[in-house]
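As provided, upload-v1.pdb (PDB, C-alpha atoms) reads as follows.
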```pdb
ATOM      1  CA  MET N 155     222.590 109.729 130.712  1.00  0.00           C
ATOM      2  CA  GLU N 156     224.102 107.023 128.534  1.00  0.00           C
ATOM      3  CA  LYS N 157     227.235 105.497 130.024  1.00  0.00           C
ATOM      4  CA  LEU N 158     230.643 106.199 128.529  1.00  0.00           C
ATOM      5  CA  ASN N 159     232.232 103.057 127.132  1.00  0.00           C
ATOM      6  CA  VAL N 160     235.830 102.620 128.230  1.00  0.00           C
ATOM      7  CA  ALA N 161     238.521 100.084 127.287  1.00  0.00           C
ATOM      8  CA  ILE N 162     241.906  99.596 128.909  1.00  0.00           C
ATOM      9  CA  ALA N 163     245.181  98.026 127.817  1.00  0.00           C
ATOM     10  CA  ASP N 164     248.101  97.271 130.111  1.00  0.00           C
ATOM     11  CA  ASP N 165     250.453  94.287 130.232  1.00  0.00           C
ATOM     12  CA  ASN N 166     250.465  94.475 134.035  1.00  0.00           C
ATOM     13  CA  GLU N 167     247.526  92.403 135.293  1.00  0.00           C
ATOM     14  CA  LYS N 168     247.449  94.200 138.632  1.00  0.00           C
ATOM     15  CA  MET N 169     247.171  97.572 136.875  1.00  0.00           C
ATOM     16  CA  VAL N 170     244.347  96.227 134.739  1.00  0.00           C
ATOM     17  CA  GLU N 171     242.509  95.152 137.898  1.00  0.00           C
ATOM     18  CA  VAL N 172     242.993  98.560 139.541  1.00  0.00           C
ATOM     19  CA  LEU N 173     241.691 100.419 136.496  1.00  0.00           C
ATOM     20  CA  SER N 174     238.806  97.967 136.113  1.00  0.00           C
ATOM     21  CA  LYS N 175     237.641  98.580 139.686  1.00  0.00           C
ATOM     22  CA  ILE N 176     237.871 102.342 139.305  1.00  0.00           C
ATOM     23  CA  ILE N 177     235.752 102.244 136.149  1.00  0.00           C
ATOM     24  CA  ASP N 178     233.257  99.654 137.421  1.00  0.00           C
ATOM     25  CA  GLN N 179     232.552 101.667 140.565  1.00  0.00           C
ATOM     26  CA  ASP N 180     231.569 104.769 138.604  1.00  0.00           C
ATOM     27  CA  GLU N 181     227.917 104.785 137.555  1.00  0.00           C
ATOM     28  CA  ASP N 182     228.618 106.925 134.480  1.00  0.00           C
ATOM     29  CA  LEU N 183     231.216 104.564 133.009  1.00  0.00           C
ATOM     30  CA  LYS N 184     231.071 101.095 131.477  1.00  0.00           C
ATOM     31  CA  LEU N 185     234.131  98.902 130.965  1.00  0.00           C
ATOM     32  CA  VAL N 186     233.747  97.202 127.586  1.00  0.00           C
ATOM     33  CA  GLY N 187     237.155  95.617 127.182  1.00  0.00           C
ATOM     34  CA  LYS N 188     240.450  94.692 128.837  1.00  0.00           C
ATOM     35  CA  ALA N 189     243.618  93.982 126.878  1.00  0.00           C
ATOM     36  CA  HIS N 190     247.233  93.177 127.639  1.00  0.00           C
ATOM     37  CA  ASN N 191     248.897  94.062 124.320  1.00  0.00           C
ATOM     38  CA  GLY N 192     248.447  96.130 121.200  1.00  0.00           C
ATOM     39  CA  GLU N 193     246.777  93.430 119.120  1.00  0.00           C
ATOM     40  CA  GLU N 194     244.169  92.677 121.788  1.00  0.00           C
ATOM     41  CA  ILE N 195     243.178  96.322 122.265  1.00  0.00           C
ATOM     42  CA  CYS N 196     242.848  96.830 118.500  1.00  0.00           C
ATOM     43  CA  ASN N 197     240.487  93.834 118.336  1.00  0.00           C
ATOM     44  CA  ILE N 198     238.423  95.338 121.164  1.00  0.00           C
ATOM     45  CA  ILE N 199     238.243  98.687 119.381  1.00  0.00           C
ATOM     46  CA  ARG N 200     237.118  96.967 116.192  1.00  0.00           C
ATOM     47  CA  GLU N 201     234.343  95.094 118.008  1.00  0.00           C
ATOM     48  CA  LYS N 202     233.226  97.434 120.826  1.00  0.00           C
ATOM     49  CA  GLN N 203     234.170 100.908 119.542  1.00  0.00           C
ATOM     50  CA  PRO N 204     234.633 102.442 123.024  1.00  0.00           C
ATOM     51  CA  ASP N 205     234.460 106.177 123.575  1.00  0.00           C
ATOM     52  CA  VAL N 206     237.697 106.321 125.575  1.00  0.00           C
ATOM     53  CA  VAL N 207     240.738 104.043 125.658  1.00  0.00           C
ATOM     54  CA  ILE N 208     243.401 104.025 128.370  1.00  0.00           C
ATOM     55  CA  LEU N 209     246.615 102.741 126.772  1.00  0.00           C
ATOM     56  CA  ASP N 210     249.800 101.668 128.498  1.00  0.00           C
ATOM     57  CA  ILE N 211     252.722 102.912 126.416  1.00  0.00           C
ATOM     58  CA  GLU N 212     255.078 100.015 127.116  1.00  0.00           C
ATOM     59  CA  MET N 213     253.475  96.593 126.670  1.00  0.00           C
ATOM     60  CA  GLU N 214     254.854  93.895 124.360  1.00  0.00           C
ATOM     61  CA  CYS N 215     257.490  96.432 123.292  1.00  0.00           C
ATOM     62  CA  LYS N 216     258.647  99.862 124.421  1.00  0.00           C
ATOM     63  CA  ASP N 217     256.226 101.835 122.241  1.00  0.00           C
ATOM     64  CA  ALA N 218     253.453  99.264 121.775  1.00  0.00           C
ATOM     65  CA  GLY N 219     250.782 101.633 123.097  1.00  0.00           C
ATOM     66  CA  ILE N 220     251.790 104.423 120.742  1.00  0.00           C
ATOM     67  CA  MET N 221     251.790 102.087 117.743  1.00  0.00           C
ATOM     68  CA  ALA N 222     248.410 100.672 118.788  1.00  0.00           C
ATOM     69  CA  GLY N 223     247.140 104.242 119.111  1.00  0.00           C
ATOM     70  CA  TYR N 224     247.864 104.894 115.450  1.00  0.00           C
ATOM     71  CA  GLN N 225     245.874 101.796 114.477  1.00  0.00           C
ATOM     72  CA  ILE N 226     242.999 102.708 116.797  1.00  0.00           C
ATOM     73  CA  LEU N 227     242.641 106.204 115.354  1.00  0.00           C
ATOM     74  CA  ALA N 228     242.874 104.823 111.821  1.00  0.00           C
ATOM     75  CA  MET N 229     239.920 102.556 112.619  1.00  0.00           C
ATOM     76  CA  ASN N 230     237.948 105.135 114.587  1.00  0.00           C
ATOM     77  CA  PRO N 231     239.229 108.736 114.604  1.00  0.00           C
ATOM     78  CA  GLU N 232     236.610 109.686 117.215  1.00  0.00           C
ATOM     79  CA  THR N 233     238.136 107.440 119.888  1.00  0.00           C
ATOM     80  CA  LYS N 234     239.744 109.442 122.694  1.00  0.00           C
ATOM     81  CA  ILE N 235     243.076 108.002 123.829  1.00  0.00           C
ATOM     82  CA  ILE N 236     244.659 108.497 127.251  1.00  0.00           C
ATOM     83  CA  MET N 237     248.240 107.267 127.531  1.00  0.00           C
ATOM     84  CA  LEU N 238     249.360 105.601 130.745  1.00  0.00           C
ATOM     85  CA  THR N 239     252.966 105.090 131.880  1.00  0.00           C
ATOM     86  CA  VAL N 240     255.342 104.917 134.819  1.00  0.00           C
ATOM     87  CA  HIS N 241     258.102 106.798 132.972  1.00  0.00           C
ATOM     88  CA  GLU N 242     258.541 110.569 132.973  1.00  0.00           C
ATOM     89  CA  ASP N 243     259.940 110.360 129.453  1.00  0.00           C
ATOM     90  CA  ASP N 244     259.884 113.546 127.349  1.00  0.00           C
ATOM     91  CA  GLU N 245     260.100 111.621 124.091  1.00  0.00           C
ATOM     92  CA  ALA N 246     257.172 109.379 125.062  1.00  0.00           C
ATOM     93  CA  ILE N 247     255.072 112.429 125.943  1.00  0.00           C
ATOM     94  CA  PHE N 248     255.738 114.143 122.611  1.00  0.00           C
ATOM     95  CA  ARG N 249     255.237 110.967 120.578  1.00  0.00           C
ATOM     96  CA  SER N 250     251.942 110.306 122.375  1.00  0.00           C
ATOM     97  CA  TYR N 251     250.558 113.732 121.527  1.00  0.00           C
ATOM     98  CA  GLU N 252     251.938 113.482 117.998  1.00  0.00           C
ATOM     99  CA  MET N 253     250.079 110.184 117.589  1.00  0.00           C
ATOM    100  CA  GLY N 254     246.809 111.816 118.627  1.00  0.00           C
ATOM    101  CA  ALA N 255     246.419 111.081 122.342  1.00  0.00           C
ATOM    102  CA  VAL N 256     244.382 113.665 124.252  1.00  0.00           C
ATOM    103  CA  ASP N 257     245.875 113.084 127.698  1.00  0.00           C
ATOM    104  CA  TYR N 258     248.792 111.503 129.509  1.00  0.00           C
ATOM    105  CA  LEU N 259     248.619 109.970 132.991  1.00  0.00           C
ATOM    106  CA  PHE N 260     251.173 108.401 135.290  1.00  0.00           C
ATOM    107  CA  LYS N 261     250.251 105.049 136.818  1.00  0.00           C
ATOM    108  CA  ASN N 262     250.299 106.477 140.328  1.00  0.00           C
ATOM    109  CA  ALA N 263     247.526 108.951 139.457  1.00  0.00           C
ATOM    110  CA  SER N 264     244.675 109.150 141.962  1.00  0.00           C
ATOM    111  CA  THR N 265     241.238 107.679 141.316  1.00  0.00           C
ATOM    112  CA  GLU N 266     239.812 111.196 141.003  1.00  0.00           C
ATOM    113  CA  LYS N 267     242.428 112.174 138.416  1.00  0.00           C
ATOM    114  CA  ILE N 268     241.797 109.035 136.359  1.00  0.00           C
ATOM    115  CA  LEU N 269     238.016 109.508 136.373  1.00  0.00           C
ATOM    116  CA  GLY N 270     238.390 113.192 135.589  1.00  0.00           C
ATOM    117  CA  ALA N 271     240.736 112.380 132.706  1.00  0.00           C
ATOM    118  CA  ILE N 272     238.201 109.951 131.204  1.00  0.00           C
ATOM    119  CA  ARG N 273     235.376 112.512 131.319  1.00  0.00           C
ATOM    120  CA  ASP N 274     237.584 115.326 130.036  1.00  0.00           C
ATOM    121  CA  ALA N 275     238.770 113.113 127.172  1.00  0.00           C
ATOM    122  CA  TYR N 276     235.221 112.234 126.157  1.00  0.00           C
ATOM    123  CA  HIS N 277     234.115 115.880 126.215  1.00  0.00           C
ATOM    124  CA  SER N 278     237.308 117.034 124.427  1.00  0.00           C
ATOM    125  CA  THR N 279     238.264 119.239 127.364  1.00  0.00           C
ATOM    126  CA  SER N 280     241.475 117.472 128.380  1.00  0.00           C
ATOM    127  CA  PRO N 281     243.954 119.992 129.837  1.00  0.00           C
ATOM    128  CA  ILE N 282     247.660 120.106 129.122  1.00  0.00           C
ATOM    129  CA  ARG N 283     248.829 118.987 132.553  1.00  0.00           C
ATOM    130  CA  GLU N 284     251.458 121.095 134.294  1.00  0.00           C
ATOM    131  CA  GLU N 285     254.081 118.343 134.270  1.00  0.00           C
ATOM    132  CA  VAL N 286     253.520 117.936 130.534  1.00  0.00           C
ATOM    133  CA  ALA N 287     253.404 121.694 129.893  1.00  0.00           C
ATOM    134  CA  GLN N 288     256.785 122.134 131.606  1.00  0.00           C
ATOM    135  CA  ARG N 289     258.350 119.551 129.330  1.00  0.00           C
ATOM    136  CA  MET N 290     256.748 121.067 126.242  1.00  0.00           C
ATOM    137  CA  ARG N 291     258.008 124.546 127.142  1.00  0.00           C
ATOM    138  CA  ALA N 292     261.504 123.151 127.677  1.00  0.00           C
ATOM    139  CA  GLU N 293     261.367 121.409 124.299  1.00  0.00           C
ATOM    140  CA  PHE N 294     260.213 124.590 122.540  1.00  0.00           C
ATOM    141  CA  ARG N 295     263.137 126.460 124.116  1.00  0.00           C
ATOM    142  CA  ARG N 296     265.533 123.749 122.989  1.00  0.00           C
ATOM    143  CA  LEU N 297     264.173 123.825 119.426  1.00  0.00           C
ATOM    144  CA  LYS N 298     264.377 127.612 119.316  1.00  0.00           C
ATOM    145  CA  GLN N 299     267.975 127.571 120.523  1.00  0.00           C
ATOM    146  CA  SER N 300     268.825 124.821 118.053  1.00  0.00           C
ATOM    147  CA  GLU N 301     267.244 126.819 115.224  1.00  0.00           C
ATOM    148  CA  HIS N 302     269.237 129.912 116.218  1.00  0.00           C
ATOM    149  CA  THR N 303     272.468 127.907 116.352  1.00  0.00           C
ATOM    150  CA  LEU N 304     271.799 126.321 112.969  1.00  0.00           C
ATOM    151  CA  LEU N 305     271.086 129.664 111.289  1.00  0.00           C
ATOM    152  CA  ASN N 306     274.293 131.152 112.689  1.00  0.00           C
ATOM    153  CA  THR N 307     276.273 128.122 111.580  1.00  0.00           C
ATOM    154  CA  MET N 308     274.831 128.286 108.063  1.00  0.00           C
ATOM    155  CA  LYS N 309     275.940 131.919 107.840  1.00  0.00           C
ATOM    156  CA  MET N 310     279.428 130.856 108.852  1.00  0.00           C
ATOM    157  CA  VAL N 311     279.451 128.152 106.162  1.00  0.00           C
ATOM    158  CA  GLN N 312     278.602 130.751 103.527  1.00  0.00           C
ATOM    159  CA  GLN N 313     281.736 132.693 104.512  1.00  0.00           C
ATOM    160  CA  LEU N 314     284.035 129.774 103.702  1.00  0.00           C
ATOM    161  CA  SER N 315     286.125 129.739 100.576  1.00  0.00           C
ATOM    162  CA  HIS N 316     286.119 126.633  98.366  1.00  0.00           C
ATOM    163  CA  THR N 317     289.449 125.526  99.854  1.00  0.00           C
ATOM    164  CA  GLU N 318     288.295 126.110 103.421  1.00  0.00           C
ATOM    165  CA  ARG N 319     285.105 124.172 102.803  1.00  0.00           C
ATOM    166  CA  SER N 320     286.986 121.157 101.482  1.00  0.00           C
ATOM    167  CA  ILE N 321     289.324 121.282 104.496  1.00  0.00           C
ATOM    168  CA  VAL N 322     286.348 121.314 106.887  1.00  0.00           C
ATOM    169  CA  ILE N 323     284.933 118.254 105.103  1.00  0.00           C
ATOM    170  CA  MET N 324     288.208 116.366 105.391  1.00  0.00           C
ATOM    171  CA  LEU N 325     288.604 117.283 109.072  1.00  0.00           C
ATOM    172  CA  ALA N 326     285.033 116.143 109.784  1.00  0.00           C
ATOM    173  CA  GLU N 327     285.775 112.851 108.034  1.00  0.00           C
ATOM    174  CA  GLY N 328     288.661 112.291 110.446  1.00  0.00           C
ATOM    175  CA  MET N 329     291.484 112.894 108.016  1.00  0.00           C
ATOM    176  CA  ARG N 330     294.925 113.747 109.443  1.00  0.00           C
ATOM    177  CA  ARG N 331     296.520 117.084 108.648  1.00  0.00           C
ATOM    178  CA  SER N 332     299.385 115.441 106.757  1.00  0.00           C
ATOM    179  CA  GLU N 333     296.870 113.645 104.525  1.00  0.00           C
ATOM    180  CA  ILE N 334     294.938 116.873 103.928  1.00  0.00           C
ATOM    181  CA  CYS N 335     298.181 118.536 102.840  1.00  0.00           C
ATOM    182  CA  ARG N 336     298.806 115.740 100.326  1.00  0.00           C
ATOM    183  CA  ARG N 337     295.237 115.907  99.021  1.00  0.00           C
ATOM    184  CA  ARG N 338     295.273 119.685  98.660  1.00  0.00           C
ATOM    185  CA  VAL N 339     298.958 119.767  97.573  1.00  0.00           C
ATOM    186  CA  ILE N 340     299.803 122.452 100.121  1.00  0.00           C
ATOM    187  CA  GLU N 341     302.408 122.972 102.822  1.00  0.00           C
ATOM    188  CA  MET N 342     301.569 122.376 106.488  1.00  0.00           C
ATOM    189  CA  SER N 343     302.067 126.081 107.208  1.00  0.00           C
ATOM    190  CA  THR N 344     299.466 126.939 104.552  1.00  0.00           C
ATOM    191  CA  LEU N 345     297.032 124.428 106.024  1.00  0.00           C
ATOM    192  CA  LYS N 346     297.478 125.948 109.464  1.00  0.00           C
ATOM    193  CA  THR N 347     296.670 129.383 108.053  1.00  0.00           C
ATOM    194  CA  HIS N 348     293.485 128.018 106.476  1.00  0.00           C
ATOM    195  CA  ILE N 349     292.507 126.303 109.725  1.00  0.00           C
ATOM    196  CA  ARG N 350     293.018 129.496 111.739  1.00  0.00           C
ATOM    197  CA  SER N 351     290.702 131.300 109.316  1.00  0.00           C
ATOM    198  CA  ILE N 352     288.106 128.510 109.545  1.00  0.00           C
ATOM    199  CA  LEU N 353     288.141 128.509 113.345  1.00  0.00           C
ATOM    200  CA  GLN N 354     287.641 132.265 113.410  1.00  0.00           C
ATOM    201  CA  LYS N 355     284.684 132.058 111.030  1.00  0.00           C
ATOM    202  CA  PHE N 356     283.040 129.293 113.073  1.00  0.00           C
ATOM    203  CA  GLN N 357     283.919 131.046 116.331  1.00  0.00           C
ATOM    204  CA  VAL N 358     285.506 127.946 117.877  1.00  0.00           C
ATOM    205  CA  LYS N 359     288.905 127.442 119.477  1.00  0.00           C
ATOM    206  CA  SER N 360     290.007 124.073 118.128  1.00  0.00           C
ATOM    207  CA  THR N 361     289.496 121.645 115.263  1.00  0.00           C
ATOM    208  CA  ARG N 362     287.886 119.247 117.773  1.00  0.00           C
ATOM    209  CA  GLN N 363     285.203 121.831 118.564  1.00  0.00           C
ATOM    210  CA  LEU N 364     284.827 122.516 114.844  1.00  0.00           C
ATOM    211  CA  VAL N 365     284.218 118.841 114.061  1.00  0.00           C
ATOM    212  CA  GLU N 366     281.766 118.529 116.954  1.00  0.00           C
ATOM    213  CA  LEU N 367     279.822 121.530 115.640  1.00  0.00           C
ATOM    214  CA  VAL N 368     279.705 120.168 112.094  1.00  0.00           C
ATOM    215  CA  LYS N 369     278.428 116.814 113.317  1.00  0.00           C
ATOM    216  CA  SER N 370     275.932 118.178 115.847  1.00  0.00           C
ATOM    217  CA  GLN N 371     274.350 120.399 113.157  1.00  0.00           C
ATOM    218  CA  ASN N 372     274.489 117.646 110.492  1.00  0.00           C
ATOM    219  CA  LEU N 373     276.476 119.975 108.228  1.00  0.00           C
ATOM    220  CA  LEU N 374     278.709 117.423 106.530  1.00  0.00           C
ATOM    221  CA  SER N 375     276.157 116.427 103.869  1.00  0.00           C
ATOM    222  CA  PHE N 376     275.380 120.111 103.222  1.00  0.00           C
ATOM    223  CA  LEU N 377     279.071 120.945 102.800  1.00  0.00           C
ATOM    224  CA  GLU N 378     279.514 117.993 100.439  1.00  0.00           C
ATOM    225  CA  LEU N 379     276.496 119.128  98.423  1.00  0.00           C
ATOM    226  CA  CYS N 380     277.992 122.613  98.119  1.00  0.00           C
ATOM    227  CA  GLU N 381     281.203 121.016  96.840  1.00  0.00           C
ATOM    228  CA  LYS N 382     279.348 118.985  94.196  1.00  0.00           C
ATOM    229  CA  GLU N 383     277.308 121.950  93.016  1.00  0.00           C
ATOM    230  CA  GLU N 384     280.386 124.148  92.712  1.00  0.00           C
ATOM    231  CA  LYS N 385     282.240 121.423  90.818  1.00  0.00           C
ATOM    232  CA  SER N 386     279.271 120.917  88.499  1.00  0.00           C
ATOM    233  CA  HIS N 387     279.003 124.652  87.889  1.00  0.00           C
ATOM    234  CA  LYS N 388     282.706 124.895  86.948  1.00  0.00           C
ATOM    235  CA  GLU N 389     282.380 121.952  84.544  1.00  0.00           C
ATOM    236  CA  GLU N 390     279.458 123.685  82.804  1.00  0.00           C
ATOM    237  CA  GLU N 391     281.556 126.787  82.333  1.00  0.00           C
TER     238      GLU N 391
END
```

Could the structure of this file be written out as structure tokens, please?
Amino acid sequence: MEKLNVAIADDNEKMVEVLSKIIDQDEDLKLVGKAHNGEEICNIIREKQPDVVILDIEMECKDAGIMAGYQILAMNPETKIIMLTVHEDDEAIFRSYEMGAVDYLFKNASTEKILGAIRDAYHSTSPIREEVAQRMRAEFRRLKQSEHTLLNTMKMVQQLSHTERSIVIMLAEGMRRSEICRRRVIEMSTLKTHIRSILQKFQVKSTRQLVELVKSQNLLSFLELCEKEEKSHKEEE
């Protein structure tokens, strides 16, 4: 059986030595390159075209491995990339898979797990590891909840009158109630009535919660767009 060519990249020299020994001691693997930053590993890929690359995420910068991964796959889409890190960082996990990595290992992984990951990567049988699967399930739940919240909020926005919508915009921009009254040419008592109606429609108890909701759902630009479209429509009439 022809040996699998493997390259490694890690800015920690000790980690490079550990990985080198693990690979060198396996008769099915051949270490064809060692790098300490993104540029070096890309040069190795260009010259040696290894089957599998083990990439440290954080080298010369926080996401150096991920950025190098994009370059590696652009040069050789068949290269299998295993990301290596000490951080249990959800964002790093998702960005690694988004980039095209096939596996994700922590630096304290056992020799058996590292060797198994290399073979699985080469044969395209890399599993979604339980620690990764848990994070992915949690992220899917978060996205689903966020989607549900956004849809409900959009329905609430559609219930607003033109006046209420403009008041929400001004509140979200940090404008004081007295200034809103001057802008809208209304009494404070009228403004309070509008605000009570707005809070009921958004199902919140205070203007602070209302503003937080608008900002968390990035609704300000949408509300402003609605205002411009309505103004444009009236001018056409």

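Look at N:Asp274: the protein and nucleic acid residues within 12 Å of it, using only C-alpha atoms and passing over chain neighbours fewer than 3 places away, are N:Leu158, N:Asp205, N:Val206, N:Lys234, N:Ile235, N:Ile236, N:Val256, N:Asp257, N:Tyr258, N:Glu266, N:Lys267, N:Ile268, N:Leu269, N:Gly270, N:Ala271, N:His277, N:Ser278, N:Thr279, N:Ser280, N:Pro281, N:Ile282.
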
Just to be explicit: take each residue in the selection above, keep C-alpha atoms, and write the result as an mmCIF file, in the coordinates of the input.
```cif
data_model
loop_
_atom_site.group_PDB
_atom_site.id
_atom_site.type_symbol
_atom_site.label_atom_id
_atom_site.label_comp_id
_atom_site.auth_asym_id
_atom_site.auth_seq_id
_atom_site.Cartn_x
_atom_site.Cartn_y
_atom_site.Cartn_z
ATOM 1 C CA LEU N 158 230.643 106.199 128.529
ATOM 2 C CA ASP N 205 234.460 106.177 123.575
ATOM 3 C CA VAL N 206 237.697 106.321 125.575
ATOM 4 C CA LYS N 234 239.744 109.442 122.694
ATOM 5 C CA ILE N 235 243.076 108.002 123.829
ATOM 6 C CA ILE N 236 244.659 108.497 127.251
ATOM 7 C CA VAL N 256 244.382 113.665 124.252
ATOM 8 C CA ASP N 257 245.875 113.084 127.698
ATOM 9 C CA TYR N 258 248.792 111.503 129.509
ATOM 10 C CA GLU N 266 239.812 111.196 141.003
ATOM 11 C CA LYS N 267 242.428 112.174 138.416
ATOM 12 C CA ILE N 268 241.797 109.035 136.359
ATOM 13 C CA LEU N 269 238.016 109.508 136.373
ATOM 14 C CA GLY N 270 238.390 113.192 135.589
ATOM 15 C CA ALA N 271 240.736 112.380 132.706
ATOM 16 C CA HIS N 277 234.115 115.880 126.215
ATOM 17 C CA SER N 278 237.308 117.034 124.427
ATOM 18 C CA THR N 279 238.264 119.239 127.364
ATOM 19 C CA SER N 280 241.475 117.472 128.380
ATOM 20 C CA PRO N 281 243.954 119.992 129.837
ATOM 21 C CA ILE N 282 247.660 120.106 129.122
#
```

- Can you pull out every residue within 12 Å of N:Gln203, counting only C-alpha atoms, but drop anything in the same chain fewer than 6 positions away, and send it as number ranges by chain? N: 158-161, 185-187, 195-197, 226-227, 229-234

Which residues, named as in the file, does the PyMOL selection byres ((chain N and resi 365-375) around 8) pick out? Answer as a list in words.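 This file gives the following for the PyMOL selection byres ((chain N and resi 365-375) around 8): Leu304, Val322, Ile323, Leu325, Ala326, Thr361, Arg362, Gln363, Leu364, Phe376, Leu377, Glu378 and Leu379 of chain N.
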
As a check of understanding: the span from atom CA of N:Ile211 to atom CA of N:Arg273 is 20.4 Å

Inset, instruction - Tell me which protein, DNA and RNA residues are within 8 Å of N:Glu318, counting all atoms listed in the file, leaving out same-chain ones fewer than 6 positions away, and put them as a list of chain:residue names. - result: N:His348, N:Ile349, N:Ile352

task: Pull out every residue that the PyMOL selection byres ((chain N and resi 212-223) around 8) matches in the shown coordinates and put them as an MDAnalysis selection string.
output: chainID N and resid 164:165 190:193 195:196 209:211 224:227 235 237 239 249:250 253:255

What does the distance from atom CA of N:Glu333 to atom CA of N:Lys382 come to in Å, to one decimal?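 Interatomic distance here is 21.0 Å.
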
Task: N:Ser264, N:Met310, N:Ala189, N:Glu156 ranked by distance to N:Gln357, top pick (using all atoms listed in the file) - done: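 Of N:Ser264, N:Met310, N:Ala189, N:Glu156, the one nearest N:Gln357 is N:Met310, counting all atoms listed in the file.
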
- Query: With all atoms listed in the file as the atoms that count, which of N:Ile198, N:Met329, N:Leu345, N:Leu238 lies nearest to N:Val170?
  - Reply: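 Using all atoms listed in the file, the shortest distance to N:Val170 belongs to N:Leu238.
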
Problem set entry | Proximity to N:Ser320 - best of N:Val240, N:Ile272, N:Ile334, N:Val207, only C-alpha atoms |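 Closest candidate: N:Ile334.
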
Fill in: Selected residue, from N:Arg336, N:Lys202, N:Arg330, N:Lys309, that lies nearest to N:Phe356 when counting all atoms listed in the file
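Checking each of N:Arg336, N:Lys202, N:Arg330, N:Lys309 against N:Phe356, counting all atoms listed in the file, the winner is N:Lys309.
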
From the list N:Asp243, N:Ala275, N:Cys380, N:Thr265, the nearest residue to N:Val311 using only C-alpha atoms is N:Cys380

For N:Ala163, the closest of N:Ile247, N:Leu353, N:Ile177, N:Ile208 counting all atoms listed in the file is N:Ile208

Return stretch 195-200 of chain N, completed with all heavy atoms, as an mmCIF file, in the frame of the given file.
```
data_model
loop_
_atom_site.group_PDB
_atom_site.id
_atom_site.type_symbol
_atom_site.label_atom_id
_atom_site.label_comp_id
_atom_site.auth_asym_id
_atom_site.auth_seq_id
_atom_site.Cartn_x
_atom_site.Cartn_y
_atom_site.Cartn_z
ATOM 1 N N ILE N 195 243.956 95.092 122.148
ATOM 2 C CA ILE N 195 243.178 96.322 122.265
ATOM 3 C C ILE N 195 242.626 96.741 120.910
ATOM 4 O O ILE N 195 241.502 97.264 120.815
ATOM 5 C CB ILE N 195 244.010 97.466 122.908
ATOM 6 C CG1 ILE N 195 243.085 98.637 123.291
ATOM 7 C CG2 ILE N 195 245.117 97.934 122.006
ATOM 8 C CD1 ILE N 195 242.015 98.311 124.287
ATOM 9 N N CYS N 196 243.356 96.491 119.833
ATOM 10 C CA CYS N 196 242.848 96.830 118.500
ATOM 11 C C CYS N 196 241.629 95.969 118.152
ATOM 12 O O CYS N 196 240.673 96.459 117.529
ATOM 13 C CB CYS N 196 243.947 96.654 117.457
ATOM 14 S SG CYS N 196 245.220 97.955 117.521
ATOM 15 N N ASN N 197 241.646 94.708 118.564
ATOM 16 C CA ASN N 197 240.487 93.834 118.336
ATOM 17 C C ASN N 197 239.274 94.330 119.116
ATOM 18 O O ASN N 197 238.139 94.287 118.619
ATOM 19 C CB ASN N 197 240.820 92.397 118.739
ATOM 20 C CG ASN N 197 241.807 91.739 117.787
ATOM 21 O OD1 ASN N 197 241.904 92.130 116.615
ATOM 22 N ND2 ASN N 197 242.546 90.754 118.269
ATOM 23 N N ILE N 198 239.516 94.808 120.342
ATOM 24 C CA ILE N 198 238.423 95.338 121.164
ATOM 25 C C ILE N 198 237.836 96.592 120.522
ATOM 26 O O ILE N 198 236.613 96.772 120.470
ATOM 27 C CB ILE N 198 238.917 95.640 122.592
ATOM 28 C CG1 ILE N 198 239.219 94.333 123.338
ATOM 29 C CG2 ILE N 198 237.891 96.475 123.365
ATOM 30 C CD1 ILE N 198 239.893 94.526 124.679
ATOM 31 N N ILE N 199 238.695 97.451 120.034
ATOM 32 C CA ILE N 199 238.243 98.687 119.381
ATOM 33 C C ILE N 199 237.373 98.345 118.178
ATOM 34 O O ILE N 199 236.308 98.937 117.954
ATOM 35 C CB ILE N 199 239.439 99.545 118.925
ATOM 36 C CG1 ILE N 199 240.301 99.960 120.114
ATOM 37 C CG2 ILE N 199 238.964 100.769 118.153
ATOM 38 C CD1 ILE N 199 239.582 100.778 121.153
ATOM 39 N N ARG N 200 237.842 97.376 117.401
ATOM 40 C CA ARG N 200 237.118 96.967 116.192
ATOM 41 C C ARG N 200 235.719 96.441 116.538
ATOM 42 O O ARG N 200 234.753 96.720 115.829
ATOM 43 C CB ARG N 200 237.936 95.900 115.474
ATOM 44 C CG ARG N 200 237.534 95.662 114.025
ATOM 45 C CD ARG N 200 238.479 94.696 113.361
ATOM 46 N NE ARG N 200 239.805 95.261 113.166
ATOM 47 C CZ ARG N 200 240.885 94.860 113.815
ATOM 48 N NH1 ARG N 200 240.811 93.913 114.735
ATOM 49 N NH2 ARG N 200 242.054 95.419 113.574
#
```
